[in-house]
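As stored in structure_11.tsv (TSV, C-alpha atoms and all ligand atoms):
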chain	number	residue	atom	x	y	z
A	259	MET	CA	76.54	21.30	-30.99
A	260	SER	CA	80.02	20.06	-31.63
A	261	TRP	CA	81.94	18.56	-34.53
A	262	ARG	CA	81.62	15.34	-32.56
A	263	ASN	CA	77.93	15.18	-33.47
A	264	ASN	CA	78.98	14.84	-37.09
A	265	LEU	CA	81.07	11.75	-36.55
A	266	ARG	CA	79.89	8.23	-37.40
A	267	ALA	CA	80.18	6.28	-34.14
A	268	VAL	CA	80.20	2.51	-34.55
A	269	GLU	CA	81.08	-0.50	-32.43
A	270	PRO	CA	83.86	-2.15	-34.45
A	271	TYR	CA	84.56	-5.82	-35.04
A	272	VAL	CA	87.29	-7.16	-32.75
A	273	ALA	CA	89.60	-9.59	-34.55
A	274	GLY	CA	91.29	-12.48	-32.75
A	275	GLU	CA	94.50	-11.22	-31.21
A	276	GLN	CA	97.91	-11.56	-32.89
A	277	PRO	CA	100.11	-11.88	-29.79
A	278	LYS	CA	103.83	-11.20	-30.14
A	279	LEU	CA	104.90	-13.83	-27.59
A	280	LYS	CA	107.70	-16.15	-28.68
A	281	ASN	CA	107.12	-19.91	-29.15
A	282	LEU	CA	103.43	-19.39	-29.05
A	283	ILE	CA	101.05	-22.04	-30.37
A	284	LYS	CA	98.53	-19.89	-32.15
A	285	LEU	CA	95.19	-21.62	-32.55
A	286	ASN	CA	92.90	-18.59	-32.37
A	287	THR	CA	92.31	-17.18	-35.88
A	288	ASN	CA	92.00	-20.28	-38.09
A	289	GLU	CA	95.17	-19.65	-40.06
A	290	ASN	CA	96.65	-22.48	-42.11
A	291	PRO	CA	99.66	-24.06	-40.35
A	292	TYR	CA	101.21	-25.15	-43.65
A	293	GLY	CA	101.42	-21.71	-45.26
A	294	PRO	CA	101.00	-20.76	-48.90
A	295	GLY	CA	103.19	-23.32	-50.72
A	296	ARG	CA	106.29	-23.29	-52.89
A	297	LEU	CA	104.96	-21.53	-56.01
A	298	VAL	CA	104.08	-18.51	-53.89
A	299	LYS	CA	107.63	-18.39	-52.54
A	300	GLN	CA	108.91	-18.54	-56.11
A	301	ALA	CA	106.51	-15.78	-57.25
A	302	ILE	CA	107.77	-13.48	-54.49
A	303	ARG	CA	111.38	-14.18	-55.47
A	304	ASP	CA	110.61	-13.53	-59.14
A	305	PHE	CA	108.55	-10.39	-58.59
A	306	GLU	CA	110.08	-7.36	-60.32
A	307	VAL	CA	110.18	-4.61	-57.72
A	308	ASP	CA	110.08	-1.95	-60.44
A	309	ARG	CA	106.49	-3.01	-61.17
A	310	LEU	CA	105.51	-1.35	-57.90
A	311	ARG	CA	106.10	2.02	-59.57
A	312	LEU	CA	102.89	1.50	-61.52
A	313	TYR	CA	99.32	1.11	-60.35
A	314	PRO	CA	98.20	-2.53	-60.37
A	315	ASN	CA	95.66	-3.94	-62.81
A	316	ALA	CA	92.44	-2.50	-61.35
A	317	ASP	CA	90.38	-5.68	-61.64
A	318	ALA	CA	93.20	-8.22	-61.12
A	319	GLU	CA	92.30	-9.67	-64.52
A	320	ASP	CA	94.93	-12.44	-64.71
A	321	LEU	CA	94.03	-13.72	-61.26
A	322	ARG	CA	90.34	-13.42	-62.07
A	323	HIS	CA	90.87	-15.51	-65.20
A	324	ALA	CA	92.82	-18.19	-63.32
A	325	LEU	CA	90.07	-18.39	-60.69
A	326	ALA	CA	87.37	-18.57	-63.37
A	327	GLU	CA	89.14	-21.60	-64.83
A	328	TYR	CA	89.64	-23.16	-61.40
A	329	TYR	CA	85.94	-22.84	-60.55
A	330	GLY	CA	84.54	-23.48	-64.05
A	331	LEU	CA	82.99	-20.00	-64.28
A	332	LYS	CA	83.35	-17.03	-66.64
A	333	ASP	CA	85.78	-14.24	-65.80
A	334	ARG	CA	82.88	-11.83	-65.40
A	335	GLN	CA	81.41	-14.04	-62.66
A	336	ILE	CA	84.44	-13.47	-60.42
A	337	PHE	CA	84.92	-10.48	-58.13
A	338	LEU	CA	88.09	-9.91	-56.12
A	339	GLY	CA	88.72	-7.79	-53.05
A	340	ASN	CA	91.21	-7.03	-50.30
A	341	GLY	CA	90.40	-10.05	-48.13
A	342	SER	CA	86.94	-11.53	-47.91
A	343	ASP	CA	86.16	-9.04	-45.14
A	344	GLU	CA	86.30	-6.31	-47.76
A	345	VAL	CA	84.35	-8.47	-50.23
A	346	LEU	CA	81.71	-9.00	-47.53
A	347	ALA	CA	81.56	-5.28	-46.75
A	348	LEU	CA	81.01	-4.45	-50.44
A	349	THR	CA	78.46	-7.27	-50.67
A	350	PHE	CA	76.42	-5.83	-47.78
A	351	LEU	CA	76.61	-2.37	-49.38
A	352	THR	CA	75.67	-3.66	-52.84
A	353	CYS	CA	73.13	-6.41	-52.18
A	354	PHE	CA	71.27	-5.51	-49.01
A	355	ASN	CA	69.28	-2.39	-49.84
A	356	SER	CA	65.78	-3.40	-48.85
A	357	ASP	CA	63.23	-2.02	-46.38
A	358	LEU	CA	62.99	-5.55	-44.97
A	359	PRO	CA	65.56	-6.90	-42.51
A	360	ILE	CA	68.25	-9.26	-43.72
A	361	LEU	CA	68.53	-12.65	-41.98
A	362	PHE	CA	71.54	-14.38	-40.47
A	363	PRO	CA	72.11	-16.80	-37.56
A	364	ASP	CA	72.37	-15.59	-33.95
A	365	ILE	CA	75.69	-17.42	-33.67
A	366	THR	CA	77.81	-16.68	-36.71
A	367	TYR	CA	80.67	-14.58	-38.03
A	368	SER	CA	80.52	-11.55	-35.76
A	369	PHE	CA	81.47	-9.12	-38.53
A	370	TYR	CA	77.95	-9.36	-40.07
A	371	PRO	CA	76.16	-7.20	-37.46
A	372	VAL	CA	79.05	-4.74	-37.62
A	373	TYR	CA	78.55	-4.22	-41.37
A	374	CYS	CA	74.83	-3.79	-40.72
A	375	GLU	CA	75.52	-1.08	-38.21
A	376	LEU	CA	78.07	0.63	-40.43
A	377	PHE	CA	75.79	0.65	-43.49
A	378	GLN	CA	72.57	1.04	-41.47
A	379	ILE	CA	71.05	-2.21	-42.70
A	380	ASP	CA	68.21	-3.65	-40.66
A	381	TYR	CA	68.77	-7.28	-39.61
A	382	GLU	CA	67.08	-10.11	-37.77
A	383	LEU	CA	69.03	-12.78	-35.91
A	384	VAL	CA	67.77	-16.30	-36.61
A	385	PRO	CA	68.51	-18.63	-33.67
A	386	LEU	CA	70.44	-21.78	-34.49
A	387	ARG	CA	68.86	-25.01	-33.25
A	388	ASP	CA	70.06	-26.29	-29.86
A	389	ASP	CA	72.64	-28.48	-31.59
A	390	PHE	CA	73.90	-25.35	-33.43
A	391	SER	CA	72.58	-26.48	-36.81
A	392	ILE	CA	70.91	-24.04	-39.23
A	393	ALA	CA	67.22	-24.83	-39.87
A	394	LYS	CA	66.50	-24.01	-43.53
A	395	GLU	CA	62.79	-23.34	-42.82
A	396	ASP	CA	63.76	-20.34	-40.69
A	397	TYR	CA	64.89	-18.62	-43.90
A	398	PHE	CA	61.63	-19.26	-45.79
A	399	LYS	CA	60.10	-15.91	-44.88
A	400	GLU	CA	60.15	-12.45	-46.38
A	401	ASN	CA	63.48	-10.71	-45.96
A	402	GLY	CA	65.86	-8.18	-47.48
A	403	GLY	CA	68.63	-10.74	-47.98
A	404	VAL	CA	70.13	-13.87	-46.44
A	405	ILE	CA	73.70	-14.57	-45.40
A	406	PHE	CA	75.40	-17.36	-43.49
A	407	PRO	CA	78.76	-19.10	-43.59
A	408	ASN	CA	78.90	-22.75	-44.62
A	409	PRO	CA	80.57	-24.29	-42.64
A	410	ASN	CA	79.30	-21.84	-40.04
A	411	ALA	CA	81.75	-19.95	-37.84
A	412	PRO	CA	82.49	-20.43	-35.00
A	413	THR	CA	80.59	-23.73	-34.78
A	414	GLY	CA	82.10	-25.51	-37.84
A	415	SER	CA	78.79	-27.20	-38.66
A	416	THR	CA	77.42	-27.42	-42.18
A	417	VAL	CA	74.23	-27.12	-44.19
A	418	THR	CA	73.77	-29.51	-47.13
A	419	VAL	CA	73.80	-28.23	-50.72
A	420	GLU	CA	70.17	-29.44	-51.05
A	421	ASP	CA	69.09	-27.37	-48.03
A	422	ILE	CA	70.88	-24.28	-49.35
A	423	GLU	CA	69.22	-24.77	-52.72
A	424	ASP	CA	65.88	-24.88	-50.90
A	425	VAL	CA	66.71	-21.60	-49.15
A	426	ILE	CA	67.56	-19.99	-52.51
A	427	ARG	CA	64.35	-21.33	-54.10
A	428	HIS	CA	62.30	-19.81	-51.30
A	429	ASN	CA	64.01	-16.43	-51.75
A	430	PRO	CA	63.64	-15.38	-55.39
A	431	ASN	CA	63.35	-11.72	-54.33
A	432	SER	CA	66.51	-11.39	-52.30
A	433	VAL	CA	70.20	-12.05	-52.67
A	434	VAL	CA	71.37	-15.19	-50.85
A	435	VAL	CA	75.03	-15.00	-49.82
A	436	ILE	CA	76.92	-18.12	-48.74
A	437	ASP	CA	80.24	-17.35	-47.07
A	438	GLU	CA	82.38	-20.42	-47.82
A	439	ALA	CA	85.55	-19.25	-46.03
A	440	TYR	CA	86.10	-22.79	-44.67
A	441	VAL	CA	84.49	-24.98	-47.32
A	442	ASP	CA	87.74	-26.55	-48.55
A	443	PHE	CA	88.28	-28.47	-45.31
A	444	GLY	CA	85.62	-31.07	-46.09
A	445	GLY	CA	82.51	-29.03	-46.88
A	446	ASP	CA	80.43	-29.13	-50.06
A	447	SER	CA	80.46	-25.92	-52.13
A	448	VAL	CA	77.42	-24.32	-53.75
A	449	VAL	CA	79.53	-22.76	-56.53
A	450	LYS	CA	77.91	-25.44	-58.74
A	451	LEU	CA	74.51	-23.75	-58.21
A	452	ILE	CA	75.65	-20.34	-59.46
A	453	ASP	CA	74.60	-20.85	-63.06
A	454	ARG	CA	71.10	-21.89	-61.93
A	455	TYR	CA	70.39	-19.01	-59.53
A	456	GLU	CA	71.14	-15.40	-60.49
A	457	ASN	CA	70.56	-14.22	-56.91
A	458	LEU	CA	73.22	-16.49	-55.34
A	459	LEU	CA	76.57	-15.04	-54.31
A	460	VAL	CA	79.33	-17.32	-52.96
A	461	ILE	CA	82.29	-15.88	-51.07
A	462	HIS	CA	85.72	-17.49	-50.72
A	463	THR	CA	88.98	-16.36	-49.16
A	464	PHE	CA	92.70	-16.97	-49.71
A	465	SER	CA	93.26	-16.74	-45.93
A	466	LYS	CA	92.38	-20.27	-44.79
A	467	PHE	CA	92.64	-23.03	-47.43
A	468	ARG	CA	95.35	-21.16	-49.37
A	469	GLY	CA	97.34	-20.14	-46.27
A	470	LEU	CA	97.54	-16.49	-47.33
A	471	ALA	CA	95.87	-14.56	-44.50
A	472	GLY	CA	98.74	-12.05	-44.63
A	473	ILE	CA	98.19	-11.07	-48.25
A	474	ARG	CA	94.47	-10.14	-48.07
A	475	LEU	CA	92.61	-11.68	-50.98
A	476	GLY	CA	88.92	-12.52	-51.09
A	477	VAL	CA	86.62	-13.66	-53.88
A	478	ALA	CA	82.89	-13.36	-54.65
A	479	MET	CA	81.26	-15.50	-57.32
A	480	GLY	CA	77.84	-15.16	-58.83
A	481	SER	CA	75.86	-14.21	-61.90
A	482	GLU	CA	77.44	-11.65	-64.23
A	483	GLU	CA	74.72	-9.17	-63.26
A	484	LEU	CA	75.36	-9.48	-59.52
A	485	VAL	CA	79.12	-9.33	-59.98
A	486	SER	CA	78.95	-6.27	-62.24
A	487	HIS	CA	77.10	-4.41	-59.47
A	488	LEU	CA	79.86	-5.36	-57.02
A	489	TYR	CA	82.44	-3.92	-59.45
A	490	ASP	CA	80.42	-0.69	-59.75
A	491	VAL	CA	80.36	-0.27	-55.99
A	492	LYS	CA	84.04	-1.20	-55.63
A	493	ASN	CA	84.93	1.35	-58.32
A	494	SER	CA	83.01	3.98	-56.39
A	495	PHE	CA	85.11	3.25	-53.33
A	496	ASN	CA	88.63	2.06	-54.27
A	497	SER	CA	89.76	1.29	-57.82
A	498	TYR	CA	92.83	-0.69	-56.74
A	499	PRO	CA	92.02	-2.86	-53.72
A	500	ILE	CA	94.50	-5.59	-54.71
A	501	ASP	CA	98.14	-4.59	-55.03
A	502	ALA	CA	100.40	-5.96	-57.76
A	503	LEU	CA	102.31	-8.29	-55.43
A	504	ALA	CA	99.08	-9.77	-54.05
A	505	GLN	CA	97.90	-10.41	-57.62
A	506	ALA	CA	101.13	-12.26	-58.48
A	507	ILE	CA	100.97	-14.26	-55.24
A	508	GLY	CA	97.30	-15.12	-55.75
A	509	LEU	CA	98.02	-16.38	-59.25
A	510	ALA	CA	100.87	-18.59	-57.98
A	511	SER	CA	98.56	-19.98	-55.30
A	512	VAL	CA	95.90	-20.96	-57.83
A	513	LYS	CA	98.60	-22.74	-59.89
A	514	ASP	CA	99.68	-24.59	-56.74
A	515	SER	CA	96.17	-25.83	-55.90
A	516	ASP	CA	97.14	-29.52	-55.81
A	517	VAL	CA	99.76	-28.97	-53.11
A	518	ILE	CA	97.33	-26.77	-51.18
A	519	LYS	CA	94.64	-29.47	-51.36
A	520	ALA	CA	97.11	-31.99	-49.95
A	521	ASN	CA	97.81	-29.62	-47.04
A	522	ALA	CA	94.07	-29.25	-46.39
A	523	ALA	CA	93.79	-33.05	-46.30
A	524	LYS	CA	96.51	-33.11	-43.63
A	525	VAL	CA	94.57	-30.53	-41.58
A	526	MET	CA	91.41	-32.66	-41.87
A	527	ALA	CA	93.21	-35.82	-40.79
A	528	THR	CA	94.66	-33.99	-37.77
A	529	ARG	CA	91.21	-32.63	-36.94
A	530	GLU	CA	89.68	-36.12	-36.86
A	531	ARG	CA	92.44	-37.42	-34.61
A	532	VAL	CA	92.16	-34.47	-32.21
A	533	VAL	CA	88.37	-34.80	-32.09
A	534	LYS	CA	88.68	-38.44	-31.02
A	535	GLU	CA	91.15	-37.62	-28.27
A	536	LEU	CA	89.13	-34.67	-26.99
A	537	LYS	CA	85.95	-36.77	-26.85
A	538	ALA	CA	87.81	-39.29	-24.70
A	539	MET	CA	88.72	-36.39	-22.37
A	540	GLY	CA	85.06	-35.40	-21.85
A	541	PHE	CA	84.61	-32.78	-24.57
A	542	THR	CA	81.61	-32.49	-26.87
A	543	MET	CA	81.41	-30.52	-30.10
A	544	PRO	CA	79.34	-30.10	-33.24
A	545	GLU	CA	80.79	-32.11	-36.13
A	546	SER	CA	83.25	-29.81	-37.88
A	547	ARG	CA	84.06	-29.61	-41.58
A	548	ALA	CA	86.28	-26.58	-41.05
A	549	ASN	CA	89.88	-26.05	-39.97
A	550	PHE	CA	88.72	-25.49	-36.40
A	551	ILE	CA	86.61	-27.22	-33.77
A	552	PHE	CA	84.17	-25.76	-31.27
A	553	ILE	CA	84.54	-27.63	-28.00
A	554	LYS	CA	82.79	-27.76	-24.64
A	555	HIS	CA	83.89	-29.76	-21.63
A	556	GLU	CA	81.40	-31.69	-19.47
A	557	SER	CA	82.64	-30.05	-16.27
A	558	ALA	CA	85.53	-27.59	-16.81
A	559	ASN	CA	84.77	-23.90	-17.29
A	560	ALA	CA	85.66	-22.60	-20.76
A	561	LYS	CA	87.13	-19.26	-19.70
A	562	ASP	CA	89.22	-21.03	-17.10
A	563	LEU	CA	90.56	-23.43	-19.73
A	564	PHE	CA	91.27	-20.51	-22.07
A	565	MET	CA	93.34	-18.71	-19.40
A	566	LYS	CA	95.23	-21.84	-18.39
A	567	LEU	CA	96.07	-22.72	-22.00
A	568	ARG	CA	97.29	-19.18	-22.54
A	569	ALA	CA	99.53	-19.38	-19.50
A	570	GLU	CA	101.16	-22.37	-21.24
A	571	GLY	CA	101.63	-20.41	-24.49
A	572	ILE	CA	98.62	-21.82	-26.35
A	573	VAL	CA	96.12	-19.26	-27.62
A	574	VAL	CA	92.60	-20.36	-28.63
A	575	ARG	CA	89.44	-18.25	-29.06
A	576	TYR	CA	86.93	-17.65	-26.28
A	577	PHE	CA	83.67	-15.78	-26.96
A	578	ASN	CA	82.07	-14.17	-23.93
A	579	GLN	CA	78.65	-14.32	-25.53
A	580	PRO	CA	75.26	-15.87	-24.61
A	581	ARG	CA	74.81	-19.54	-25.65
A	582	ILE	CA	78.50	-20.08	-26.39
A	583	ASP	CA	80.33	-18.88	-23.28
A	584	GLN	CA	81.15	-22.49	-22.33
A	585	TYR	CA	82.85	-23.19	-25.68
A	586	LEU	CA	86.33	-22.70	-27.06
A	587	ARG	CA	87.12	-22.44	-30.75
A	588	VAL	CA	90.38	-24.21	-31.50
A	589	SER	CA	92.07	-23.88	-34.90
A	590	ILE	CA	93.72	-27.03	-36.23
A	591	GLY	CA	97.49	-26.64	-36.34
A	592	THR	CA	100.23	-29.10	-37.28
A	593	ASP	CA	100.27	-32.55	-35.66
A	594	GLU	CA	103.08	-31.40	-33.41
A	595	GLN	CA	101.18	-28.30	-32.25
A	596	MET	CA	98.03	-30.31	-31.62
A	597	ASP	CA	99.94	-32.95	-29.65
A	598	ARG	CA	101.21	-30.20	-27.37
A	599	PHE	CA	97.68	-28.78	-27.10
A	600	LEU	CA	96.29	-32.19	-26.11
A	601	GLU	CA	99.08	-32.79	-23.61
A	602	VAL	CA	98.57	-29.40	-21.93
A	603	MET	CA	94.81	-29.89	-21.91
A	604	LYS	CA	95.19	-33.28	-20.23
A	605	ASP	CA	97.38	-31.73	-17.54
A	606	ILE	CA	94.93	-28.87	-16.98
A	607	LEU	CA	91.99	-31.26	-16.60
A	608	ALA	CA	94.01	-33.44	-14.23
A	609	GLY	CA	94.58	-30.32	-12.14
A	610	ALA	CA	98.36	-30.45	-12.61
B	701	LIG	C1	83.17	-16.90	-41.84
B	701	LIG	C2	84.28	-15.97	-42.20
B	701	LIG	N1	84.16	-15.22	-43.29
B	701	LIG	C3	85.13	-14.37	-43.65
B	701	LIG	C4	86.29	-14.24	-42.92
B	701	LIG	C5	87.31	-13.21	-43.33
B	701	LIG	O1	88.44	-13.71	-43.90
B	701	LIG	P1	89.47	-12.81	-44.69
B	701	LIG	O2	89.07	-11.36	-44.52
B	701	LIG	O3	90.78	-13.09	-44.06
B	701	LIG	O4	89.39	-13.23	-46.11
B	701	LIG	C6	86.48	-15.01	-41.78
B	701	LIG	C7	87.71	-14.87	-40.98
B	701	LIG	O5	87.96	-15.44	-39.98
B	701	LIG	C8	85.44	-15.90	-41.40
B	701	LIG	O6	85.54	-16.63	-40.29
Translate the structure of the given file into structure tokens.
Ligand SMILES: Cc1ncc(COP(=O)(O)O)c(C=O)c1O
Amino acid sequence: MSWRNNLRAVEPYVAGEQPKLKNLIKLNTNENPYGPGRLVKQAIRDFEVDRLRLYPNADAEDLRHALAEYYGLKDRQIFLGNGSDEVLALTFLTCFNSDLPILFPDITYSFYPVYCELFQIDYELVPLRDDFSIAKEDYFKENGGVIFPNPNAPTGSTVTVEDIEDVIRHNPNSVVVIDEAYVDFGGDSVVKLIDRYENLLVIHTFSKFRGLAGIRLGVAMGSEELVSHLYDVKNSFNSYPIDALAQAIGLASVKDSDVIKANAAKVMATRERVVKELKAMGFTMPESRANFIFIKHESANAKDLFMKLRAEGIVVRYFNQPRIDQYLRVSIGTDEQMDRFLEVMKDILAGA
């Protein structure tokens, strides 16, 4: 026996790298190229440093109220955490306590199986269809919970609100969690179903649409009952997950939503243009409603492309994983960044 036998050994999630190279075009972690907007800059300038002497408001009440208004919900239907990764972790811990396995797609956000291992939750991988779409019928069986992102990551493809509603209707005995990290880039949110289904939880993040990956803010929305359980678990773990500065910044971001929506529209327009050009170069991809695309070339090897792009200072995401090892996930940057990406890609394919 050794003290080592008493340690919890887990295989951690590996985040996309944050390389320190200069002049890098970083298209690997789906950050927003336009940043958080002017009201956030103002909020940081106006922030009274002396406030940091005190503990922050434990439940980020002002931000919670602003979000409730933004989404048309009650304050008590909003839960906030330190990035949606933390919100997801607390969701797994709070909502998935069944003897039955929870269900999620075989190709999806790779943090889900990591939470399952950490919290010892049994799970079953549900294969996506060949075209990477989610078949709602696959979730019409007994389970201990359901979770998938919509749009899905890393594929970018979507499930309709009607199909999600069907999944919820077939699962009255489990919590259905829809991770809408990317929904604001052209997807259709199921927040509007929350008041009809007490077992629906919808998760959003400030990292993508709001351009605030560096501040760590995530949101869960659902019935008051579900949300109050999340608060109980959070308060058994960390009373103050959101620091005072993050609360002020989050509030400024919600006030700046019109500007942020305009930035998201720019990202979507760039995405459509890039998709067209890539198709002309021999790439295929599922239709994306996210701020990234998931591309496969008819003849070039994905890992090879990844390495050659990197050598030119362009970082995208490659997953060495069954079914998707011939794909690259490319975040949508500014027009200028994407022009450079397309130019380099053309040269690589031409063998230059
Ligand atoms: C589907 C999905 N959910 C959640 C997250 C986590 O986002 P954050 O922790 O930055 O809020 C990500 C990040 O890439 C994601 O792809």
*Using only C-alpha atoms, determine which residues lie at most 10 Å from Leu563 of chain A, disregarding the query and same-chain residues fewer than 6 positions distant; provide the list as a count of residues only.*
10
_Protein, DNA and RNA residues within 9 Å of (71.4, -16.2, -40.1), all atoms listed in the file, as a PyMOL selection string_ = chain A and resi 360-366+382-386+392+396-397+404-407
_atom CA of Pro430 of chain A to atom CA of Gly444 of chain A, straight-line distance in Å_ = 28.6 Å
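Using only C-alpha atoms and all ligand atoms, residues with at least one atom at most 6 Å away from any atom of ligand LIG 701 (chain B) are Gly341, Ser342, Asp343, Tyr367, Pro407, Ala411, Asp437, Ala439, Thr463, Ser465, Ala471 and Gly476 of chain A.
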*If you count all atoms listed in the file, which residues fall within 10 Å of Ile473 of chain A, apart from same-chain ones fewer than 3 positions away, as a PyMOL selection string?*
chain A and resi 340-341+464-465+469-470+476+500-501+503-505+507-508
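Atom CA of Arg474 of chain A is found 21.0 Å from atom CA of Asp516 of chain A.
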